[in-house]
Amino acid sequence: MRVNENILISSLTTMRLGGPARYVLEVERPEEIPDAYGFADTYHLPTFVLGYGANTIGHDEGFPGVIIISRMKGIFETPTADGVRLKVMSGEYWDDVVAYTTSKGYTGIEGLSLIPGLAGAAPVQNIGAYGQEISNTLESIDVYDTANRTFVTLTKSDLHFGYRQSILNTTEKNRYFVVSITLALKPGQMSRPLYRSIEKYLSDNSITDLSPASIRNAVIAIRRSKLPDPLTEASAGSFFKNIFLDEAGTEACESKGYPVHRTPSGGKLNSGWLIEHAGLSGKTFHGIRVSDKASLVLINDSATSYSDLAAARDTIIGKVYDLYGFWLEQEPVELLPPPRPAQPTPPTGATK
Ligand SMILES: Cc1cc2nc3c(=O)[nH]c(=O)nc-3n(C[C@H](O)[C@H](O)[C@H](O)COP(=O)(O)OP(=O)(O)OC[C@H]3O[C@@H](n4cnc5c(N)ncnc54)[C@H](O)[C@@H]3O)c2cc1C
């Protein structure tokens, strides 16, 4: 286990904001995970598990505790009746996993190409793109349970996946350290209908091959044409979530001509469309620019503090709310210590 002290969170996150973390521990083997939590216990410090930092925002005051990062590597393949089971250690870079599976002709995650981050974070918000989500192929995850201090396996049904959601970022937030993820993949290819932008790319380039490698190339080309590269432009990808509507809300939006994508329970309204039609694309607030190619994406051109980002975010949310009556929800996680337990209330009439 590598122990680092006073590391700027801005250097560990792709939005490049945030003050110093007191300790950053990098674990290279599962056996080191209990030691990392033991280290935090010894000094009574809070912990936060970080991956590549592509969906996490640091705060100016830093983190007065222990950040733990998985550096565990390995992709282990076993054959199944109709394909393969792939166990991936949480420190693998996600896109390397997609490169591996597509090179072998396995379908299931090719649409998730070029999403920045580590494999361990992929189930946390159920990463998704171009019609695929990791929940479609994930079988189980091996985790360290910090509540019981044991290693356990959670199955897909334990994780209660939803849109950008699982128990790992809702009811059981910060409880589990993901050690590895297990995917079930098959040889084959995506079936039509494909996501509109993929279909357009294939037809514009006269490509008829739908193999995983071909779809991966298409997704990479599309993403490179509109999304910032975290190595050269600071961002956390989509900063706002899309909006899910019930049937009545869907009909109301459709009657106003808003672009709603029908789902089995209602519809999905593209928050990027709201931002664009509010005239915010390309605009800069407090050093934070709304991408003119993908309006959900905020790019940090010159902001140096969390408060700049918060002010920009709140301006955008306020403008969209004033025009459309929808309150946008932030997607990235904030790197903060857990809230202090509530102080017991003194009994009535008690004196100090
Ligand atoms: C340019 C860009 C494009 C993006 N495009 C997409 C997209 O198309 N679709 C999409 O879904 N997302 C997208 N994202 C968001 C991001 O890439 C994903 O959320 C990714 O999974 C984050 O991985 P990470 O390792 O950086 O996670 P981090 O930001 O480091 O962590 C995210 C959350 O996961 C938790 N976590 C991390 N590792 C572990 C672990 N081992 N065990 C337990 N919890 C852990 C953290 O505590 C935190 O709550 C994009 C981001 C950028 C910058």
# chains A, B, ... in the order shown; residues from 1 in each chain; ligands from 1
call {"tool": "select_by_dssp", "arguments": {"residues": "region 166-344 of chain A", "states": "strand (DSSP E)", "output": "ChimeraX atom specification"}}
result
/A:176-187,234-238,243-245,260-263,266-269,284-285,288-290,297-300,333-334
call {"tool": "write_last_selection", "arguments": {"atoms": "N, CA and C atoms", "output": "tab-separated table (two decimals), in the first residue's frame"}}
result
chain	number	residue	atom	x	y	z
A	176	TYR	N	-19.35	0.39	0.64
A	176	TYR	CA	-18.59	-0.70	0.02
A	176	TYR	C	-17.40	-0.18	-0.78
A	177	PHE	N	-16.31	-0.92	-0.69
A	177	PHE	CA	-15.15	-0.67	-1.56
A	177	PHE	C	-15.20	-1.75	-2.64
A	178	VAL	N	-15.35	-1.36	-3.90
A	178	VAL	CA	-15.45	-2.34	-4.97
A	178	VAL	C	-14.06	-2.90	-5.27
A	179	VAL	N	-13.93	-4.22	-5.14
A	179	VAL	CA	-12.65	-4.90	-5.36
A	179	VAL	C	-12.56	-5.34	-6.82
A	180	SER	N	-13.65	-5.92	-7.33
A	180	SER	CA	-13.67	-6.36	-8.73
A	180	SER	C	-15.12	-6.39	-9.22
A	181	ILE	N	-15.27	-6.36	-10.53
A	181	ILE	CA	-16.61	-6.45	-11.12
A	181	ILE	C	-16.61	-7.66	-12.07
A	182	THR	N	-17.73	-8.35	-12.16
A	182	THR	CA	-17.81	-9.51	-13.05
A	182	THR	C	-18.90	-9.28	-14.09
A	183	LEU	N	-18.49	-9.39	-15.35
A	183	LEU	CA	-19.41	-9.16	-16.47
A	183	LEU	C	-19.65	-10.46	-17.21
A	184	ALA	N	-20.85	-10.61	-17.76
A	184	ALA	CA	-21.15	-11.77	-18.62
A	184	ALA	C	-21.30	-11.24	-20.05
A	185	LEU	N	-20.42	-11.69	-20.93
A	185	LEU	CA	-20.43	-11.17	-22.30
A	185	LEU	C	-20.53	-12.33	-23.29
A	186	LYS	N	-21.01	-11.97	-24.49
A	186	LYS	CA	-21.17	-13.01	-25.52
A	186	LYS	C	-20.51	-12.55	-26.81
A	187	PRO	N	-20.08	-13.49	-27.63
A	187	PRO	CA	-19.64	-13.07	-28.96
A	187	PRO	C	-20.87	-12.60	-29.73
A	234	ALA	N	-10.44	20.42	-18.67
A	234	ALA	CA	-10.96	19.97	-17.37
A	234	ALA	C	-12.48	19.91	-17.38
A	235	SER	N	-13.01	18.73	-17.07
A	235	SER	CA	-14.47	18.61	-17.00
A	235	SER	C	-14.81	17.34	-16.22
A	236	ALA	N	-16.09	17.19	-15.90
A	236	ALA	CA	-16.54	15.95	-15.26
A	236	ALA	C	-17.59	15.30	-16.16
A	237	GLY	N	-17.48	15.55	-17.46
A	237	GLY	CA	-18.47	15.00	-18.40
A	237	GLY	C	-19.81	15.69	-18.19
A	238	SER	N	-20.90	14.94	-18.35
A	238	SER	CA	-22.23	15.54	-18.17
A	238	SER	C	-22.36	16.03	-16.73
A	243	ILE	N	-33.88	14.25	-17.33
A	243	ILE	CA	-35.05	14.31	-16.43
A	243	ILE	C	-36.04	13.21	-16.82
A	244	PHE	N	-36.43	12.41	-15.83
A	244	PHE	CA	-37.40	11.35	-16.09
A	244	PHE	C	-38.79	11.84	-15.70
A	245	LEU	N	-39.75	11.61	-16.60
A	245	LEU	CA	-41.11	12.14	-16.43
A	245	LEU	C	-42.11	11.01	-16.34
A	260	VAL	N	-38.86	14.54	-26.04
A	260	VAL	CA	-38.96	13.54	-24.97
A	260	VAL	C	-38.78	12.16	-25.60
A	261	HIS	N	-37.90	11.38	-25.00
A	261	HIS	CA	-37.69	10.00	-25.47
A	261	HIS	C	-38.57	9.10	-24.62
A	262	ARG	N	-39.51	8.41	-25.28
A	262	ARG	CA	-40.46	7.55	-24.53
A	262	ARG	C	-39.74	6.39	-23.83
A	263	THR	N	-40.11	6.12	-22.58
A	263	THR	CA	-39.60	4.95	-21.83
A	263	THR	C	-40.83	4.15	-21.40
A	266	GLY	N	-42.89	6.31	-18.94
A	266	GLY	CA	-43.13	7.73	-19.19
A	266	GLY	C	-42.20	8.24	-20.26
A	267	GLY	N	-41.28	9.15	-19.87
A	267	GLY	CA	-40.36	9.67	-20.88
A	267	GLY	C	-39.13	10.28	-20.25
A	268	LYS	N	-38.08	10.43	-21.10
A	268	LYS	CA	-36.82	11.04	-20.65
A	268	LYS	C	-36.64	12.34	-21.41
A	269	LEU	N	-36.55	13.43	-20.68
A	269	LEU	CA	-36.35	14.75	-21.30
A	269	LEU	C	-34.86	15.06	-21.26
A	284	THR	N	-19.89	31.37	-20.77
A	284	THR	CA	-18.98	31.12	-19.64
A	284	THR	C	-19.46	31.88	-18.42
A	285	PHE	N	-19.51	31.18	-17.29
A	285	PHE	CA	-19.87	31.80	-16.02
A	285	PHE	C	-18.78	31.47	-15.01
A	288	ILE	N	-16.29	28.88	-15.89
A	288	ILE	CA	-16.83	27.57	-16.27
A	288	ILE	C	-17.65	27.76	-17.55
A	289	ARG	N	-17.29	27.00	-18.59
A	289	ARG	CA	-17.97	27.15	-19.89
A	289	ARG	C	-18.94	26.00	-20.14
A	290	VAL	N	-20.12	26.38	-20.64
A	290	VAL	CA	-21.08	25.35	-21.08
A	290	VAL	C	-20.63	24.93	-22.48
A	297	VAL	N	-22.36	19.30	-20.69
A	297	VAL	CA	-20.98	19.25	-20.21
A	297	VAL	C	-20.49	20.65	-19.83
A	298	LEU	N	-19.95	20.77	-18.61
A	298	LEU	CA	-19.32	22.02	-18.19
A	298	LEU	C	-17.82	21.84	-18.23
A	299	ILE	N	-17.13	22.84	-18.78
A	299	ILE	CA	-15.67	22.75	-18.91
A	299	ILE	C	-15.03	23.84	-18.04
A	300	ASN	N	-14.06	23.43	-17.27
A	300	ASN	CA	-13.38	24.38	-16.40
A	300	ASN	C	-12.23	25.03	-17.17
A	333	VAL	N	-20.33	13.54	-8.11
A	333	VAL	CA	-20.31	13.39	-6.66
A	333	VAL	C	-19.43	14.48	-6.06
A	334	GLU	N	-19.76	14.93	-4.86
A	334	GLU	CA	-18.90	15.92	-4.19
A	334	GLU	C	-18.01	15.22	-3.16
call {"tool": "closest_residue", "arguments": {"among": "A:Ala81, A:Val66, A:Ala310, A:Ala54", "to": "Trp94 (chain A)", "atoms": "only C-alpha atoms"}}
result
A:Ala54
call {"tool": "atom_distance", "arguments": {"atom1": "CA of Leu25 (chain A)", "atom2": "CA of Glu5 (chain A)"}}
result
8.7 Å
call {"tool": "closest_residue", "arguments": {"among": "A:Gly62, A:Gly91, A:Gly19, A:Gly74", "to": "ligand 1", "atoms": "only C-alpha atoms and all ligand atoms"}}
result
A:Gly91
call {"tool": "select_by_dssp", "arguments": {"residues": "region 100-336 of chain A", "states": "helix (DSSP H, G or I)", "output": "JSON, numbers by chain"}}
result
{"A": [100, 101, 102, 103, 110, 111, 112, 119, 120, 121, 134, 135, 136, 156, 157, 158, 159, 167, 168, 169, 196, 197, 198, 199, 200, 201, 202, 203, 204, 212, 213, 214, 215, 216, 217, 218, 219, 220, 221, 222, 223, 224, 225, 226, 247, 248, 249, 250, 251, 252, 253, 254, 255, 271, 272, 273, 274, 275, 276, 277, 306, 307, 308, 309, 310, 311, 312, 313, 314, 315, 316, 317, 318, 319, 320, 321, 322, 323, 324]}
call {"tool": "residues_around", "arguments": {"residues": "Leu227 (chain A)", "least_positions_apart": "4", "cutoff": "9 Å", "atoms": "only C-alpha atoms", "output": "ChimeraX atom specification"}}
result
/A:222-223,237,291,293-294,297
call {"tool": "closest_residue", "arguments": {"among": "A:Val143, A:Leu138, A:Ile316, A:Ala122", "to": "Gln330 (chain A)", "atoms": "only C-alpha atoms"}}
result
A:Ile316
call {"tool": "closest_residue", "arguments": {"among": "A:Gly279, A:Pro64, A:Pro339, A:Gly53", "to": "ligand 1", "atoms": "only C-alpha atoms and all ligand atoms"}}
result
A:Gly53
call {"tool": "closest_residue", "arguments": {"among": "A:Glu26, A:Asp145, A:Glu329, A:Asp229", "to": "ligand 1", "atoms": "only C-alpha atoms and all ligand atoms"}}
result
A:Asp229
call {"tool": "atom_distance", "arguments": {"atom1": "atom 32 (C, counted along the ligand's line) of ligand 1", "atom2": "CA of Tyr93 (chain A)"}}
result
13.1 Å
call {"tool": "closest_residue", "arguments": {"among": "A:Val3, A:Val152, A:Leu168, A:Val27", "to": "ligand 1", "atoms": "only C-alpha atoms and all ligand atoms"}}
result
A:Leu168
call {"tool": "residues_around", "arguments": {"residues": "Arg224 (chain A)", "least_positions_apart": "5", "cutoff": "12 Å", "atoms": "only C-alpha atoms", "output": "list of chain:residue names"}}
result
A:Ser113, A:Leu114, A:Ile115, A:Asn217, A:Ala218, A:Val219, A:Asp229, A:Pro230, A:Lys293, A:Ala294
